[in-house]
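Q: This is upload-v8.txt (compact mmCIF, C-alpha atoms and all ligand atoms).
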# COMPACT_ATOMS: atom_id res chain seq x y z
CA MET A 1 6.36 -19.45 16.01
CA LYS A 2 7.49 -16.02 14.83
CA ILE A 3 4.44 -14.08 13.72
CA GLY A 4 4.25 -10.73 11.94
CA LEU A 5 1.23 -8.52 12.65
CA TYR A 6 0.47 -6.28 9.70
CA GLY A 7 -2.27 -3.75 10.36
CA GLY A 8 -3.80 -1.41 7.82
CA THR A 9 -6.96 -0.05 6.31
CA PHE A 10 -6.40 -2.10 3.14
CA ASP A 11 -8.87 -0.01 1.15
CA PRO A 12 -8.00 -1.84 -1.06
CA ILE A 13 -5.06 -4.20 -0.41
CA HIS A 14 -2.45 -3.84 -3.17
CA TRP A 15 0.88 -5.28 -4.33
CA GLY A 16 2.77 -2.71 -2.23
CA HIS A 17 1.29 -4.25 0.94
CA LEU A 18 1.82 -7.82 -0.25
CA ARG A 19 5.38 -7.39 -1.42
CA SER A 20 6.39 -5.60 1.79
CA ALA A 21 4.85 -8.39 3.88
CA GLU A 22 6.79 -10.92 1.82
CA GLU A 23 10.11 -9.08 2.20
CA VAL A 24 9.58 -8.77 5.96
CA ARG A 25 8.63 -12.46 6.22
CA GLU A 26 11.79 -13.48 4.41
CA ALA A 27 14.17 -11.06 6.17
CA PHE A 28 12.99 -12.08 9.65
CA ALA A 29 12.23 -15.73 8.89
CA LEU A 30 8.65 -15.29 10.09
CA ASP A 31 6.47 -18.37 10.14
CA ARG A 32 3.34 -16.37 9.50
CA VAL A 33 2.20 -12.87 8.63
CA LEU A 34 -1.27 -11.94 9.88
CA PHE A 35 -2.98 -9.17 7.96
CA ILE A 36 -5.24 -7.23 10.32
CA PRO A 37 -7.74 -4.94 8.58
CA ALA A 38 -8.83 -2.09 10.83
CA SER A 39 -12.49 -1.57 11.54
CA THR A 40 -12.37 2.18 12.17
CA PRO A 41 -8.78 3.46 11.96
CA PRO A 42 -8.24 6.37 14.39
CA HIS A 43 -6.13 8.40 11.95
CA LYS A 44 -8.78 8.14 9.22
CA ARG A 45 -11.73 9.20 11.36
CA GLY A 46 -13.90 11.63 9.45
CA GLN A 47 -12.86 10.03 6.15
CA ALA A 48 -15.31 7.66 4.54
CA ILE A 49 -13.96 4.12 4.42
CA THR A 50 -15.25 1.16 2.47
CA PRO A 51 -17.32 -1.20 4.67
CA ALA A 52 -15.14 -3.66 6.55
CA ARG A 53 -16.75 -6.71 4.93
CA HIS A 54 -15.48 -5.61 1.50
CA ARG A 55 -11.98 -4.75 2.71
CA LEU A 56 -11.81 -8.06 4.57
CA ALA A 57 -13.01 -10.01 1.53
CA MET A 58 -10.32 -8.40 -0.62
CA VAL A 59 -7.56 -9.16 1.93
CA ARG A 60 -8.76 -12.78 2.07
CA LEU A 61 -8.62 -13.08 -1.71
CA ALA A 62 -5.18 -11.48 -1.86
CA VAL A 63 -3.51 -13.72 0.74
CA ALA A 64 -5.26 -16.98 -0.13
CA ARG A 65 -2.42 -18.36 -2.19
CA HIS A 66 0.42 -17.72 0.24
CA ARG A 67 0.90 -20.48 2.81
CA ALA A 68 2.44 -18.15 5.37
CA PHE A 69 -0.11 -15.35 4.99
CA ALA A 70 -3.37 -15.28 6.93
CA VAL A 71 -6.02 -12.81 8.05
CA SER A 72 -7.03 -11.80 11.57
CA THR A 73 -10.47 -10.29 12.13
CA VAL A 74 -9.63 -9.17 15.66
CA GLU A 75 -10.03 -5.45 14.87
CA ILE A 76 -13.09 -5.90 12.69
CA GLU A 77 -14.84 -7.90 15.40
CA ARG A 78 -13.99 -5.39 18.11
CA ALA A 79 -16.48 -2.58 18.42
CA GLY A 80 -15.38 1.02 18.08
CA VAL A 81 -12.14 2.61 16.95
CA SER A 82 -9.32 0.18 16.12
CA TYR A 83 -6.51 1.06 18.48
CA THR A 84 -3.26 -0.85 18.02
CA ILE A 85 -2.73 -1.02 21.77
CA ASP A 86 -5.88 -3.17 22.10
CA THR A 87 -4.73 -5.43 19.28
CA LEU A 88 -1.25 -5.93 20.70
CA ARG A 89 -2.70 -6.64 24.15
CA HIS A 90 -4.96 -9.22 22.56
CA PHE A 91 -2.00 -11.09 21.07
CA ALA A 92 0.19 -10.64 24.16
CA ARG A 93 -2.59 -12.22 26.25
CA SER A 94 -3.11 -15.17 23.92
CA ALA A 95 -2.43 -18.57 25.40
CA GLU A 96 -0.12 -19.52 22.54
CA LYS A 97 3.29 -18.13 23.35
CA HIS A 98 4.49 -16.95 19.98
CA THR A 99 6.99 -14.17 19.33
CA TYR A 100 5.16 -11.28 17.70
CA TYR A 101 6.50 -8.56 15.40
CA PHE A 102 4.31 -5.58 14.66
CA ILE A 103 5.00 -4.32 11.12
CA LEU A 104 4.44 -0.71 10.17
CA GLY A 105 5.66 1.79 7.60
CA LEU A 106 8.07 4.59 8.45
CA ASP A 107 5.33 7.19 7.86
CA ALA A 108 3.16 5.58 10.53
CA PHE A 109 6.05 5.02 12.95
CA ARG A 110 7.08 8.67 12.84
CA GLU A 111 3.74 9.66 14.29
CA ILE A 112 3.36 6.78 16.69
CA ASP A 113 3.68 9.09 19.69
CA SER A 114 0.18 10.35 18.82
CA TRP A 115 -1.27 6.82 19.13
CA LYS A 116 -3.29 5.78 22.15
CA ASP A 117 -1.05 4.72 25.07
CA PHE A 118 1.98 4.70 22.77
CA ARG A 119 4.50 4.04 25.55
CA GLU A 120 2.66 0.83 26.41
CA LEU A 121 2.89 -0.53 22.87
CA PHE A 122 6.58 -1.35 22.91
CA PRO A 123 6.80 -3.82 25.82
CA LEU A 124 4.06 -5.91 24.18
CA CYS A 125 6.00 -7.13 21.13
CA ASN A 126 8.88 -6.43 18.75
CA PHE A 127 8.51 -3.83 16.03
CA ILE A 128 9.61 -3.84 12.39
CA VAL A 129 9.59 -0.41 10.77
CA THR A 130 9.69 -0.55 6.98
CA SER A 131 10.84 2.09 4.50
CA ARG A 132 8.34 3.91 2.32
CA PRO A 133 9.02 4.54 -1.37
CA GLY A 134 11.32 7.50 -1.87
CA SER A 135 12.70 7.62 1.66
CA ARG A 136 16.45 7.01 1.83
CA ASP A 137 16.76 7.43 5.53
CA SER A 138 17.67 4.31 7.46
CA ASN A 139 17.20 5.88 10.89
CA PRO A 140 13.54 5.43 11.81
CA PHE A 141 13.90 7.84 14.74
CA ARG A 142 14.95 10.84 12.66
CA GLY A 143 12.43 13.62 13.18
CA THR A 144 10.59 11.79 15.96
CA SER A 145 9.92 13.22 19.40
CA VAL A 146 12.41 13.09 22.26
CA ALA A 147 9.78 11.21 24.28
CA LEU A 148 9.87 8.39 21.72
CA ARG A 149 13.64 8.34 21.18
CA ARG A 150 14.31 8.12 24.89
CA LEU A 151 12.53 4.77 25.11
CA PHE A 152 15.16 3.03 22.96
CA CYS A 153 18.90 2.60 22.70
CA TYR A 154 20.79 1.51 19.61
CA ASP A 155 22.75 -1.73 19.50
CA SER A 156 25.24 -0.99 16.71
CA ARG A 157 26.65 -4.52 16.68
CA ARG A 158 23.28 -6.09 15.96
CA ARG A 159 21.88 -3.03 14.17
CA LEU A 160 18.68 -2.90 16.14
CA TYR A 161 17.06 -0.68 18.75
CA ARG A 162 16.36 -2.05 22.20
CA HIS A 163 13.44 -1.02 24.29
CA ARG A 164 14.09 -0.89 28.02
CA SER A 165 11.58 -3.74 28.48
CA GLY A 166 13.79 -6.01 26.38
CA THR A 167 11.79 -5.96 23.14
CA GLN A 168 13.50 -4.99 19.89
CA LEU A 169 12.80 -2.59 17.05
CA PHE A 170 14.22 -3.16 13.58
CA PHE A 171 14.32 -1.09 10.43
CA LEU A 172 14.01 -2.83 7.06
CA LYS A 173 14.64 -1.19 3.70
CA LEU A 174 12.13 -2.56 1.19
CA THR A 175 11.99 -2.56 -2.57
CA ASP A 176 10.33 0.73 -3.49
CA LEU A 177 6.86 0.10 -4.90
CA ALA A 178 5.15 3.47 -5.02
CA ILE A 179 1.61 2.09 -4.94
CA SER A 180 -1.02 3.58 -2.64
CA ALA A 181 -4.61 2.65 -1.94
CA SER A 182 -5.71 6.25 -2.41
CA ALA A 183 -4.22 6.37 -5.93
CA ILE A 184 -5.98 3.09 -6.75
CA ARG A 185 -9.34 4.44 -5.57
CA GLU A 186 -8.82 7.56 -7.64
CA LYS A 187 -8.02 5.51 -10.75
CA VAL A 188 -11.18 3.43 -10.36
CA ARG A 189 -13.21 6.59 -9.87
CA ARG A 190 -11.81 7.94 -13.13
CA GLY A 191 -12.45 4.67 -14.93
CA GLN A 192 -8.71 3.95 -15.35
CA SER A 193 -7.04 0.54 -15.22
CA ILE A 194 -5.69 -0.79 -11.92
CA ARG A 195 -4.23 -3.96 -13.41
CA TYR A 196 -0.84 -4.93 -11.91
CA LEU A 197 -1.44 -2.58 -8.97
CA VAL A 198 -3.64 -5.13 -7.19
CA PRO A 199 -3.98 -8.92 -7.53
CA LEU A 200 -6.38 -9.98 -10.29
CA GLU A 201 -8.85 -11.38 -7.74
CA VAL A 202 -8.98 -8.02 -5.99
CA GLU A 203 -9.45 -6.20 -9.27
CA ALA A 204 -12.34 -8.52 -10.12
CA TYR A 205 -13.90 -8.03 -6.67
CA ILE A 206 -13.76 -4.24 -7.00
CA GLU A 207 -15.36 -4.47 -10.43
CA LYS A 208 -18.07 -6.93 -9.37
CA ASN A 209 -19.06 -4.93 -6.31
CA GLY A 210 -18.81 -1.55 -7.95
CA LEU A 211 -16.38 -0.24 -5.31
CA TYR A 212 -14.81 3.23 -5.59
CA ARG A 213 -16.99 4.13 -8.55
CA GLY A 214 -19.32 6.93 -9.50
CA PRO A 215 -20.17 10.20 -7.83
CA ARG A 216 -20.66 8.58 -4.42
CA ALA A 217 -17.22 6.97 -4.48
CA GLU A 218 -15.71 10.12 -2.98
CA LYS A 219 -17.88 9.61 0.10
CA ARG A 220 -17.71 5.89 0.50
CA SER A 221 -20.34 5.28 3.10
CA SER A 222 -21.21 2.03 4.82
P1 LIG B 1 -3.94 5.18 1.67
O1 LIG B 1 -3.34 5.54 0.34
O2 LIG B 1 -5.45 5.07 1.65
O3 LIG B 1 -3.44 6.06 2.82
P2 LIG B 1 -2.09 2.89 1.96
O4 LIG B 1 -1.88 2.35 0.59
O5 LIG B 1 -0.97 3.74 2.55
O6 LIG B 1 -3.50 3.68 2.03
P3 LIG B 1 -2.74 1.49 4.46
O7 LIG B 1 -3.73 0.41 4.58
O8 LIG B 1 -3.06 2.80 5.08
O9 LIG B 1 -2.41 1.64 2.89
O10 LIG B 1 -1.31 1.00 4.97
C1 LIG B 1 -1.06 -0.10 5.79
C2 LIG B 1 0.43 -0.25 5.98
O11 LIG B 1 1.03 -0.54 4.72
C3 LIG B 1 1.13 1.01 6.52
O12 LIG B 1 2.07 0.59 7.50
C4 LIG B 1 1.84 1.56 5.31
O13 LIG B 1 3.04 2.23 5.68
C5 LIG B 1 2.14 0.31 4.48
N1 LIG B 1 2.18 0.55 3.03
C6 LIG B 1 1.19 1.04 2.25
N2 LIG B 1 1.57 1.13 0.96
C7 LIG B 1 2.85 0.67 0.91
C8 LIG B 1 3.82 0.52 -0.15
N3 LIG B 1 3.54 0.85 -1.42
N4 LIG B 1 5.04 0.01 0.17
C9 LIG B 1 5.34 -0.32 1.46
N5 LIG B 1 4.49 -0.20 2.49
C10 LIG B 1 3.24 0.28 2.24
Using structure tokens, write down the structure that the file contains.

A:
Amino acid sequence: MKIGLYGGTFDPIHWGHLRSAEEVREAFALDRVLFIPASTPPHKRGQAITPARHRLAMVRLAVARHRAFAVSTVEIERAGVSYTIDTLRHFARSAEKHTYYFILGLDAFREIDSWKDFRELFPLCNFIVTSRPGSRDSNPFRGTSVALRRLFCYDSRRRLYRHRSGTQLFFLKLTDLAISASAIREKVRRGQSIRYLVPLEVEAYIEKNGLYRGPRAEKRSS
């Protein structure tokens, strides 16, 4: 099977995440997209994050009605900071020999050289870098470090980047949906509507559990 691995904080999951997963699934004919909520994302250390059980519950609600979408708790079950290298090693080691595609936004890719063991990420699976709203650039390597660029060469015939290990990196332009989790949290805090920014089930979950509300919402503690 061809499986997409879609990591994120998902605090909360929104239509921007879901639509991009769907466009990637279709463009690459993936059999499954696994949403992988982070336990403690390294780049958000120091920021308060909603407890994992709530973020996981919202992801489960959001993907429940899509046959090809599923959730992996691999990062939530692993103690400590959620490093992508550990997650990709986990899937690379798995007995089932699927072809994996790690999906990440252009913003995240452009700082990937600050991730733990970043050189060791690329031999583990293929990568799909997706556009972020407002970015017109179709070259994911623009503005990245020489150390990162030197790991890949461009195959202009197939319009993909090849890593020296043989894995591939693709860029996919998505429909621009300028939705962000931080803007959603801010709206809830201000008592504004978030309808049509998140699935109805997620909206109801946020309401029922009082997430992102009140004076303590700024410092969402566990
Ligand atoms: P925050 O606003 O809290 O930073 P976020 O909405 O960017 O959160 P994350 O969970 O940090 O969500 O993102 C997970 C992945 O989803 C990242 O690869 C990010 O680039 C991508 N992503 C987030 N929002 C969108 C969107 N509106 N369209 C396409 N991709 C998105």

Q: From the list A:Tyr154, A:Ile206, A:Leu124, A:Arg19, which residue is nearest A:Arg93 when using all atoms listed in the file?

A: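 Looking at the shortest contact to A:Arg93, the residue is A:Leu124.
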
Q: So which residues touch A:Ala92 within 8 Å, counting only C-alpha atoms, skipping near sequence neighbours fewer than 3 positions away, as an NGL selection string?

A: :A and (88-89 or 124-125)

Q: So, with only C-alpha atoms and all ligand atoms as the atoms that count, which of A:Glu111, A:Glu26, A:Glu75, A:Asp176 lies closest to ligand LIG 1 (chain B)?

A: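 When distances to ligand LIG 1 (chain B) are compared using only C-alpha atoms and all ligand atoms, the smallest one comes from A:Asp176.
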
Q: Within 8 Å of ligand LIG 1 (chain B), which residues show up when you count all atoms listed in the file? List them as a ChimeraX atom specification, please.

A: /A:6-17,19-20,37,103-108,130-133,174-184

Q: Give me, please, the distance in Å between atom CA of A:Arg150 and atom CA of A:Arg119, quoted to one decimal.

A: 10.6 Å

Q: Atom CA of A:Ala52 to atom CA of A:Val71: how many Å, to one decimal?

A: 13.0 Å

Q: Which one of A:Leu18, A:Gly166, A:Arg78, A:Thr50 sits closest to A:Val198 if you count all atoms listed in the file?

A: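 Of A:Leu18, A:Gly166, A:Arg78, A:Thr50, the one nearest A:Val198 is A:Leu18, counting all atoms listed in the file.
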
Q: With 6 Å of padding per side, what axis-aligned box (centre and edge lengths, Å, one decimal) covers all the listed atoms of stretch 135-147 of chain A? Give it as AutoDock Vina command-line options.

A:
--center_x 13.7 --center_y 9.0 --center_z 13.0 --size_x 19.9 --size_y 21.3 --size_z 34.6

Q: Pick from A:Gln168, A:Glu77, A:Ala57, A:Val146: nearest to A:Tyr205, with all atoms listed in the file counted?

A: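 Closest residue, counting all atoms listed in the file: A:Ala57.
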
Q: Please compute the atom CA of A:Arg32-atom CA of A:His66 distance, one decimal, in Å.

A: 9.8 Å

Q: Mind listing whatever residues come within 9 Å of the point (7.1, -14.1, 8.5)? Use only C-alpha atoms, file coordinates, and give them as a ChimeraX atom specification.

A: /A:2-4,21-34,68-69,101

Q: Since the input is missing atoms, can you rebuild N, CA and C atoms for stretch 44-65 of chain A and write them as a short mmCIF file (atom, residue, chain, number, x, y, z; two decimals), in the frame of the given file?

A:
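Output file result_4.cif is given in full below:
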data_model
loop_
_atom_site.label_atom_id
_atom_site.label_comp_id
_atom_site.auth_asym_id
_atom_site.auth_seq_id
_atom_site.Cartn_x
_atom_site.Cartn_y
_atom_site.Cartn_z
N LYS A 44 -7.95 7.87 10.40
CA LYS A 44 -8.78 8.14 9.22
C LYS A 44 -10.21 8.47 9.62
N ARG A 45 -10.39 8.83 10.91
CA ARG A 45 -11.73 9.20 11.36
C ARG A 45 -12.17 10.45 10.60
N GLY A 46 -13.43 10.47 10.21
CA GLY A 46 -13.90 11.63 9.45
C GLY A 46 -13.81 11.35 7.96
N GLN A 47 -12.91 10.43 7.56
CA GLN A 47 -12.86 10.03 6.15
C GLN A 47 -13.80 8.84 5.95
N ALA A 48 -14.44 8.81 4.80
CA ALA A 48 -15.31 7.66 4.54
C ALA A 48 -14.43 6.48 4.15
N ILE A 49 -14.74 5.33 4.71
CA ILE A 49 -13.96 4.12 4.42
C ILE A 49 -14.91 3.06 3.91
N THR A 50 -14.44 2.25 3.00
CA THR A 50 -15.25 1.16 2.47
C THR A 50 -15.65 0.21 3.60
N PRO A 51 -16.89 -0.29 3.60
CA PRO A 51 -17.32 -1.20 4.67
C PRO A 51 -16.32 -2.34 4.89
N ALA A 52 -16.16 -2.68 6.16
CA ALA A 52 -15.14 -3.66 6.55
C ALA A 52 -15.31 -4.99 5.81
N ARG A 53 -16.56 -5.39 5.55
CA ARG A 53 -16.75 -6.71 4.93
C ARG A 53 -16.10 -6.75 3.54
N HIS A 54 -16.13 -5.64 2.81
CA HIS A 54 -15.48 -5.61 1.50
C HIS A 54 -13.96 -5.62 1.63
N ARG A 55 -13.44 -4.81 2.56
CA ARG A 55 -11.98 -4.75 2.71
C ARG A 55 -11.45 -6.10 3.18
N LEU A 56 -12.20 -6.73 4.08
CA LEU A 56 -11.81 -8.06 4.57
C LEU A 56 -11.84 -9.09 3.44
N ALA A 57 -12.89 -9.04 2.64
CA ALA A 57 -13.01 -10.01 1.53
C ALA A 57 -11.83 -9.86 0.57
N MET A 58 -11.44 -8.62 0.31
CA MET A 58 -10.32 -8.40 -0.62
C MET A 58 -9.00 -8.89 -0.02
N VAL A 59 -8.80 -8.67 1.28
CA VAL A 59 -7.56 -9.16 1.93
C VAL A 59 -7.55 -10.69 1.86
N ARG A 60 -8.70 -11.30 2.12
CA ARG A 60 -8.76 -12.78 2.07
C ARG A 60 -8.39 -13.30 0.68
N LEU A 61 -8.93 -12.66 -0.34
CA LEU A 61 -8.62 -13.08 -1.71
C LEU A 61 -7.13 -12.92 -1.99
N ALA A 62 -6.57 -11.81 -1.53
CA ALA A 62 -5.18 -11.48 -1.86
C ALA A 62 -4.17 -12.42 -1.19
N VAL A 63 -4.50 -12.91 0.03
CA VAL A 63 -3.51 -13.72 0.74
C VAL A 63 -3.74 -15.22 0.57
N ALA A 64 -4.83 -15.57 -0.09
CA ALA A 64 -5.26 -16.98 -0.13
C ALA A 64 -4.17 -17.91 -0.66
N ARG A 65 -3.35 -17.42 -1.57
CA ARG A 65 -2.42 -18.36 -2.19
C ARG A 65 -1.04 -18.40 -1.56
#
